Amino acid sequence: MAVHILQSGNQQNHKLCDVRVKTASVFIPSTHAELALKFIRFVHTIALTLMLSFFVMQSFGQASVSGKISDHDHGLPSTTVLLLTLDSAVVKGVATDSIGKFLFEAVRPGEYVISASMVGYTKSFSKRFELGAQSIELPEIFLEEETTNLSEVVVRENRQLLEQKIDRLVINLEGSITSSGNTILEVLQKAPGVVVNRQNNTIAMNGKSGIRVMINNKMVQLPLDAVVQMLDGMNASNVEKIELITAPPSEYDAEGNAGIIHIVTKTGEDLGTNGSFGLMVGARWAENLGANFNIHHRNKRMAYFLDYSIVRNHNLHILESQRNYVEREFSQTVTSDSHRENLTTQQNLSAGIEWRLSKKTLLNVLFTGYNRNWDLNAITQDTNRVEIDSTIVTSMNIHESNVWKSVTGSIGLQTKIDSRSDVSVSLDYLYYHNNNPSTYDNSVNFEPAKPELYKIDLSKTTPIRFVIARADYHYQLSPSLSLETGAKSVISSLDNNVLVQRLVNDVWTLDPTFTSYSTLKEHIHAGYISTKWQVAKALQINSGLRYEYTHTVLGSADEANLIKRKYGYLFPSLSIKKQLASEKDIEFSYTRRITRPTYNDIAPYVFFWGPNTFSAGNTSLYPALSDALTVGYHTKQWIISAQYTHVKNEITTLQPEIDGKNNLIYRSQNLKHLNTIGLTMAYTVPIASWWELQSNLTAQYQTGKTSHLEHNVTIQLYGVNLNVTNLVRLPKGFSIEISGMYQSKSLSGISEFLPIGSLNAGVQKSFRDKGTLRLAMDDILSTNNWRIKTNSPDNNINSYFSYNWHNQFIRVTYSRNFGNAKLRSVKLRSGSEEERRRVNN
């Protein structure tokens, strides 16, 4: 019997044509004790390094810097104040108290500058001053009120690593050593509570799936598996911060049960021209190269920007798997080994113009381009022991190419009606195209018979189109109360054309079993209203209500309306923040969200990975609805929050099941429910003026129940995610960063992801206006590899899967800024902010 290996999709779904799953009885995964031992060793490494640094640096003197920020009439509370070195590196950041005063303690001698910024005011800088052994009080710093600001307010704030806002946790990455040279996906892997699953290309936050990814207020509109690929090729050198929005306000789409990950690139202020460039040389299994360039210009009437990056990654992935199952009272074993050499080249381009038509009106035009070429050559061998004396061995040489291209355009108009109200409208067009050809040279050996040879050729093309229209109105009812309302419509279409041919008697013949054509058309219409109310000086309430109506039609070549659904839901949101004292507050939030099935989830396709293993779509999949509650407490150095989430019809990907013929089928399924209770704690402490420790711990308990198996099971698991970062600032522009991550077991439906960890370190040398040089290494102990175990005896499922990504990554990066370092960069918004996820390849 020939093995049909025809999985269509992107490489990160591995086209697991060469996969037949194997259990831990053959490939023994690292135990908890081994990971714990490695984690203890990495903690000892951190402790030893920091202790040595302490003895070197303990002779440094310390003093304090104090002052006051005002607007000429009175002190300004809650103003962001940064202590900067002369090369603009951030030493510390604080917020002013109720009368506008600030204090920096335990500052080592040197030359510094103070910057002060607040929404509604222009940023101001102090004169350069020198701090000796004695504390000093600076002259009063004045902020000027902004007269006109129609564009989005973007404040560059290099603060402590973690900041808790009313509806989000902000991770400030600017200046991070170990983030330099990484892709954005690798930066996300280090973010607290974020788990990137490269096996099925998903991202979870605080144990919950259904994530949206937004870059500079524009929602990435690709399917999440394609988003993971895109982020894996985007250089993170220009990332300023990452916002983990766990309680998104109503102006954002309700899509995404876990919330939104917002990636914000670096910005500046004032007028003039500035830019930056960076180079990266490194290695994983083989070479890894990268470069990035951006330029911004702004004058009183017009602003424009151009941003370009390229990444080339040559790597080797190693897959091992095993599956045990019982058939005819015999325990059969299927094993698979695959070496998958791959080369990825990705380019990203974005450009935009902002034109001030009048004092009250802005016009902006945005263009983006994206090209990702992934090329794979793999050698795979499957061994299937079907009887005591009978084994089938399948060898495969695989070549796959996966090319994603996109072009998007947006035009928007913002106008200020009067001093209290403004309106904005936008129109967007997005086009994506995926070309995914593959060839398979197969040799099937039915021992003891002679091998059977055959070839398969597969091509898949998927064009995707979006048209998005959006309008928003903002009205300032009073100095403490604002109202926002708006409407949005999204029209999308997708065609998926799969052509499969077999070489029979030297003639390519169409295979109708796997050749398919399908379409997806979807309309989403939404309206919302939201308020922001500063009830009192110490109490803030944000609330909103959103309604979304969805009409989805999925068709095939044989049936035009295979799936036809119409549904609408209300999505309320509420966030409350109460300030208890200076730099002490509590937060409460409630949100309702939705995760709709993607095209890959529901498409009517069947692709074999082996004789008895294949993947398929699930046309009976339903949207998942979630209700989430969060309560948090925040002090100057501590952030602690508790979360509870209930998800109805949770969508889980690549869920294994056995049909009546003992075939193993992978497809997305609805869980009956999934409940998550979580506790997150973050702590930042300046151990000394030159040494800062930052840590984040997320603990959670999850319980759920399947709804699709012959014998449905209840699933439950306790999990922990720990991130620790140490930053040591040394003399003469040197600094050291050591960080570590540990993720315990985590759930994916009935499957478990076994523990992983990563130790990272880097050193940096700043040459002031001549640039910054960094040397960094990720996954020093090589412990960040995926291992998945599934064991459900009642359903005859017992499998083990491991994937070595060669995440151990050493690189050298150089970056340099030029021009006006305070230039305010162009931040253009459009109506497609929410639309870049659900297209599927």
# chains A, B, ... in the order shown; residues from 1 in each chain; ligands from 1

$ select_by_dssp --residues "stretch 685-830 of chain A" --states "helix (DSSP H, G or I)" --output "number ranges by chain"
A: 768-770, 793-795

$ write_last_selection --atoms "N, CA, C and O atoms" --output "short mmCIF file (atom, residue, chain, number, x, y, z; two decimals), in the first residue's frame"
data_model
loop_
_atom_site.label_atom_id
_atom_site.label_comp_id
_atom_site.auth_asym_id
_atom_site.auth_seq_id
_atom_site.Cartn_x
_atom_site.Cartn_y
_atom_site.Cartn_z
N ARG A 768 27.97 56.02 22.10
CA ARG A 768 27.25 57.29 22.05
C ARG A 768 26.72 57.54 20.64
O ARG A 768 25.95 56.76 20.12
N ASP A 769 27.18 58.61 19.97
CA ASP A 769 26.63 58.96 18.67
C ASP A 769 27.21 58.12 17.54
O ASP A 769 26.88 58.32 16.37
N LYS A 770 28.06 57.13 17.87
CA LYS A 770 28.63 56.27 16.85
C LYS A 770 28.00 54.89 16.81
O LYS A 770 28.49 54.00 16.13
N PRO A 793 -6.15 6.31 26.65
CA PRO A 793 -6.35 4.87 26.40
C PRO A 793 -7.76 4.53 25.95
O PRO A 793 -7.94 3.66 25.09
N ASP A 794 -8.78 5.19 26.53
CA ASP A 794 -10.16 4.88 26.15
C ASP A 794 -10.43 5.16 24.68
O ASP A 794 -11.34 4.57 24.09
N ASN A 795 -9.64 6.09 24.09
CA ASN A 795 -9.83 6.45 22.68
C ASN A 795 -8.72 5.89 21.79
O ASN A 795 -8.58 6.30 20.64
#

$ residues_around --residues "stretch 735-745 of chain A" --least-positions-apart "2" --cutoff "6 Å" --atoms "only C-alpha atoms" --output "list of chain:residue names"
A:Gly719, A:Val720, A:Asn721, A:Leu722, A:Asn723, A:Val724, A:Thr725, A:Asn726, A:Leu727, A:Val728, A:Arg729, A:Leu730, A:Phe753, A:Leu754, A:Pro755, A:Ile756, A:Gly757, A:Ser758, A:Leu759, A:Asn760, A:Ala761, A:Gly762, A:Val763, A:Gln764

$ atom_distance --atom1 "atom CA of A:Glu752" --atom2 "atom CA of A:Asn618"
21.8 Å

$ residues_around --residues "stretch 106-110 of chain A" --least-positions-apart "4" --cutoff "12 Å" --atoms "only C-alpha atoms" --output "PyMOL selection string"
chain A and resi 57-66+83-86+91-93+128-136+686-692+729-733

$ select_by_dssp --residues "stretch 207-384 of chain A" --states "strand (DSSP E)" --output "ChimeraX atom specification"
/A:211-215,218-219,239-245,259-265,272-283,287-298,302-327,330-356,361-384

$ closest_residue --among "A:Val311, A:Ile456, A:Lys405, A:Leu477" --to "A:Ser421" --atoms "only C-alpha atoms"
A:Leu477

$ residues_around --residues "A:Ile411" --least-positions-apart "3" --cutoff "8 Å" --atoms "only C-alpha atoms" --output "mmCIF file with N, CA and C atoms, in the first residue's frame"
data_model
loop_
_atom_site.group_PDB
_atom_site.id
_atom_site.type_symbol
_atom_site.label_atom_id
_atom_site.label_comp_id
_atom_site.auth_asym_id
_atom_site.auth_seq_id
_atom_site.Cartn_x
_atom_site.Cartn_y
_atom_site.Cartn_z
ATOM 1 N N LEU A 363 -4.652 64.272 6.359
ATOM 2 C CA LEU A 363 -4.849 63.188 5.403
ATOM 3 C C LEU A 363 -3.632 62.281 5.486
ATOM 4 N N ASN A 364 -3.860 60.967 5.559
ATOM 5 C CA ASN A 364 -2.721 60.055 5.589
ATOM 6 C C ASN A 364 -2.929 58.916 4.600
ATOM 7 N N VAL A 365 -1.818 58.482 4.024
ATOM 8 C CA VAL A 365 -1.798 57.382 3.072
ATOM 9 C C VAL A 365 -0.724 56.409 3.533
ATOM 10 N N LEU A 366 -1.061 55.118 3.574
ATOM 11 C CA LEU A 366 -0.140 54.094 4.059
ATOM 12 C C LEU A 366 -0.041 52.967 3.041
ATOM 13 N N SER A 426 -11.677 55.995 7.254
ATOM 14 C CA SER A 426 -10.594 55.339 6.526
ATOM 15 C C SER A 426 -11.156 54.263 5.611
ATOM 16 N N LEU A 427 -10.397 53.981 4.570
ATOM 17 C CA LEU A 427 -10.736 52.927 3.629
ATOM 18 C C LEU A 427 -9.459 52.153 3.321
ATOM 19 N N ASP A 428 -9.524 50.813 3.436
ATOM 20 C CA ASP A 428 -8.349 49.966 3.262
ATOM 21 C C ASP A 428 -8.626 48.868 2.243
ATOM 22 N N SER A 830 -5.447 53.122 10.332
ATOM 23 C CA SER A 830 -6.378 52.823 9.259
ATOM 24 C C SER A 830 -7.485 51.929 9.784
#

$ residues_around --residues "A:Ser98" --least-positions-apart "6" --cutoff "9 Å" --atoms "only C-alpha atoms" --output "PyMOL selection string"
chain A and resi 75-78+582

$ closest_residue --among "A:Asp307, A:Glu559, A:Glu145, A:Glu111" --to "A:Asp71" --atoms "only C-alpha atoms"
A:Glu145

$ atom_distance --atom1 "atom CA of A:Leu349" --atom2 "atom CA of A:His806"
27.9 Å

$ residues_around --residues "stretch 593-599 of chain A" --least-positions-apart "6" --cutoff "10 Å" --atoms "only C-alpha atoms" --output "number ranges by chain"
A: 209-212, 223-224, 247-248, 253-259, 494, 496, 518-520, 548, 550, 554, 569-573, 617-619, 621-628, 647-651, 668-670, 837-841

$ write_last_selection --atoms "C-alpha atoms" --output "short mmCIF file (atom, residue, chain, number, x, y, z; two decimals), in the first residue's frame"
data_model
loop_
_atom_site.label_atom_id
_atom_site.label_comp_id
_atom_site.auth_asym_id
_atom_site.auth_seq_id
_atom_site.Cartn_x
_atom_site.Cartn_y
_atom_site.Cartn_z
CA SER A 209 -5.64 30.75 22.92
CA GLY A 210 -7.31 33.11 20.47
CA ILE A 211 -4.72 35.89 20.21
CA ARG A 212 -4.79 38.90 17.88
CA PRO A 223 -4.29 33.80 9.71
CA LEU A 224 -2.47 33.19 12.97
CA ALA A 247 -9.08 43.67 28.45
CA PRO A 248 -9.32 45.35 25.00
CA ASP A 253 -12.75 44.10 17.31
CA ALA A 254 -14.10 41.43 19.67
CA GLU A 255 -12.10 38.73 17.88
CA GLY A 256 -9.54 36.88 20.05
CA ASN A 257 -10.50 35.28 23.38
CA ALA A 258 -7.09 35.84 24.99
CA GLY A 259 -6.83 39.49 23.95
CA LEU A 494 -10.63 33.72 -0.40
CA ASN A 496 -8.06 27.90 -2.33
CA SER A 518 -13.02 25.92 -2.20
CA THR A 519 -14.05 29.50 -1.49
CA LEU A 520 -14.76 31.53 1.62
CA GLU A 548 -20.80 42.44 15.69
CA THR A 550 -21.13 37.94 10.93
CA LEU A 554 -17.96 28.40 2.65
CA TYR A 569 -23.33 39.05 19.53
CA LEU A 570 -22.99 41.90 22.03
CA PHE A 571 -19.57 42.42 23.62
CA PRO A 572 -19.48 44.55 26.78
CA SER A 573 -16.23 45.73 28.40
CA GLY A 617 -11.13 20.30 8.17
CA ASN A 618 -14.09 20.39 10.48
CA THR A 619 -17.17 21.94 8.88
CA LEU A 621 -16.83 23.92 14.09
CA TYR A 622 -18.49 26.77 16.01
CA PRO A 623 -17.18 30.14 17.25
CA ALA A 624 -15.79 30.22 20.79
CA LEU A 625 -17.13 32.83 23.26
CA SER A 626 -15.21 33.86 26.36
CA ASP A 627 -15.98 35.87 29.50
CA ALA A 628 -12.96 37.09 31.46
CA VAL A 647 -14.69 29.82 27.29
CA LYS A 648 -17.64 28.10 25.65
CA ASN A 649 -16.75 26.02 22.57
CA GLU A 650 -13.00 26.63 22.93
CA ILE A 651 -11.30 25.95 19.57
CA SER A 668 -9.52 21.51 14.97
CA GLN A 669 -12.23 20.73 17.51
CA ASN A 670 -14.51 22.53 19.94
CA ARG A 837 -5.49 37.39 11.18
CA ARG A 838 -8.36 35.31 9.88
CA VAL A 839 -7.28 34.77 6.28
CA ASN A 840 -6.09 31.18 6.00
CA ASN A 841 -3.56 29.46 3.80
#

$ closest_residue --among "A:Ile780, A:Ala560, A:Val81, A:Leu629" --to "A:Thr591" --atoms "only C-alpha atoms"
A:Leu629

$ atom_distance --atom1 "atom CA of A:Thr698" --atom2 "atom CA of A:Gly678"
6.9 Å

$ residues_around --residues "A:Asn373" --least-positions-apart "5" --cutoff "8 Å" --atoms "only C-alpha atoms" --output "list in words"
Thr344, Thr345, Gln346, Ser401, Asn402, Val403 and Trp404 of chain A

$ write_last_selection --atoms "N, CA, C and O atoms" --output "mmCIF file, in the first residue's frame"
data_model
loop_
_atom_site.group_PDB
_atom_site.id
_atom_site.type_symbol
_atom_site.label_atom_id
_atom_site.label_comp_id
_atom_site.auth_asym_id
_atom_site.auth_seq_id
_atom_site.Cartn_x
_atom_site.Cartn_y
_atom_site.Cartn_z
ATOM 1 N N THR A 344 14.954 30.431 4.878
ATOM 2 C CA THR A 344 13.887 31.426 4.876
ATOM 3 C C THR A 344 14.464 32.799 4.586
ATOM 4 O O THR A 344 15.426 33.225 5.228
ATOM 5 N N THR A 345 13.887 33.484 3.617
ATOM 6 C CA THR A 345 14.236 34.877 3.335
ATOM 7 C C THR A 345 12.966 35.709 3.388
ATOM 8 O O THR A 345 11.997 35.391 2.690
ATOM 9 N N GLN A 346 12.973 36.740 4.220
ATOM 10 C CA GLN A 346 11.773 37.557 4.376
ATOM 11 C C GLN A 346 12.123 39.031 4.280
ATOM 12 O O GLN A 346 13.107 39.501 4.857
ATOM 13 N N SER A 401 8.204 24.505 -1.220
ATOM 14 C CA SER A 401 8.373 25.951 -1.235
ATOM 15 C C SER A 401 7.076 26.585 -0.759
ATOM 16 O O SER A 401 5.993 26.146 -1.139
ATOM 17 N N ASN A 402 7.212 27.600 0.088
ATOM 18 C CA ASN A 402 6.024 28.284 0.600
ATOM 19 C C ASN A 402 6.270 29.780 0.515
ATOM 20 O O ASN A 402 7.071 30.332 1.270
ATOM 21 N N VAL A 403 5.614 30.446 -0.422
ATOM 22 C CA VAL A 403 5.847 31.865 -0.691
ATOM 23 C C VAL A 403 4.591 32.660 -0.355
ATOM 24 O O VAL A 403 3.515 32.404 -0.908
ATOM 25 N N TRP A 404 4.759 33.612 0.556
ATOM 26 C CA TRP A 404 3.682 34.546 0.902
ATOM 27 C C TRP A 404 4.060 35.943 0.401
ATOM 28 O O TRP A 404 5.175 36.419 0.629
#

$ closest_atom_pairs --of "stretch 307-364 of chain A" --to "stretch 273-290 of chain A" --cutoff "12 Å" --atoms "only C-alpha atoms" --output "JSON lines"
{"residue": "A:Asp307", "atom": "CA", "partner": "A:Gly275", "partner_atom": "CA", "distance": 9.3}
{"residue": "A:Tyr308", "atom": "CA", "partner": "A:Phe277", "partner_atom": "CA", "distance": 9.6}
{"residue": "A:Ser309", "atom": "CA", "partner": "A:Gly290", "partner_atom": "CA", "distance": 7.6}
{"residue": "A:Ile310", "atom": "CA", "partner": "A:Gly290", "partner_atom": "CA", "distance": 5.6}
{"residue": "A:Val311", "atom": "CA", "partner": "A:Gly290", "partner_atom": "CA", "distance": 4.3}
{"residue": "A:Arg312", "atom": "CA", "partner": "A:Leu289", "partner_atom": "CA", "distance": 5.1}
{"residue": "A:Asn313", "atom": "CA", "partner": "A:Asn288", "partner_atom": "CA", "distance": 4.6}
{"residue": "A:His314", "atom": "CA", "partner": "A:Ala286", "partner_atom": "CA", "distance": 5.4}
{"residue": "A:Asn315", "atom": "CA", "partner": "A:Trp285", "partner_atom": "CA", "distance": 5.1}
{"residue": "A:Leu316", "atom": "CA", "partner": "A:Trp285", "partner_atom": "CA", "distance": 6.0}
{"residue": "A:His317", "atom": "CA", "partner": "A:Trp285", "partner_atom": "CA", "distance": 8.8}
{"residue": "A:Ile318", "atom": "CA", "partner": "A:Trp285", "partner_atom": "CA", "distance": 11.0}
{"residue": "A:Arg340", "atom": "CA", "partner": "A:Trp285", "partner_atom": "CA", "distance": 11.5}
{"residue": "A:Glu341", "atom": "CA", "partner": "A:Trp285", "partner_atom": "CA", "distance": 9.5}
{"residue": "A:Asn342", "atom": "CA", "partner": "A:Ala286", "partner_atom": "CA", "distance": 10.1}
{"residue": "A:Leu343", "atom": "CA", "partner": "A:Asn288", "partner_atom": "CA", "distance": 9.7}
{"residue": "A:Thr344", "atom": "CA", "partner": "A:Asn288", "partner_atom": "CA", "distance": 9.6}
{"residue": "A:Thr345", "atom": "CA", "partner": "A:Leu289", "partner_atom": "CA", "distance": 9.5}
{"residue": "A:Gln346", "atom": "CA", "partner": "A:Gly290", "partner_atom": "CA", "distance": 9.6}
{"residue": "A:Gln347", "atom": "CA", "partner": "A:Gly290", "partner_atom": "CA", "distance": 9.9}
{"residue": "A:Asn348", "atom": "CA", "partner": "A:Gly290", "partner_atom": "CA", "distance": 11.8}

$ closest_residue --among "A:Asn497, A:Ala682, A:Ser126, A:Asp457" --to "A:Leu510" --atoms "only C-alpha atoms"
A:Asp457

$ closest_residue --among "A:Gln322, A:Thr485, A:Asn435, A:Thr531" --to "A:Thr461" --atoms "only C-alpha atoms"
A:Asn435

$ closest_residue --among "A:Val386, A:Leu143, A:Ile563, A:Val423" --to "A:Thr361" --atoms "only C-alpha atoms"
A:Val423
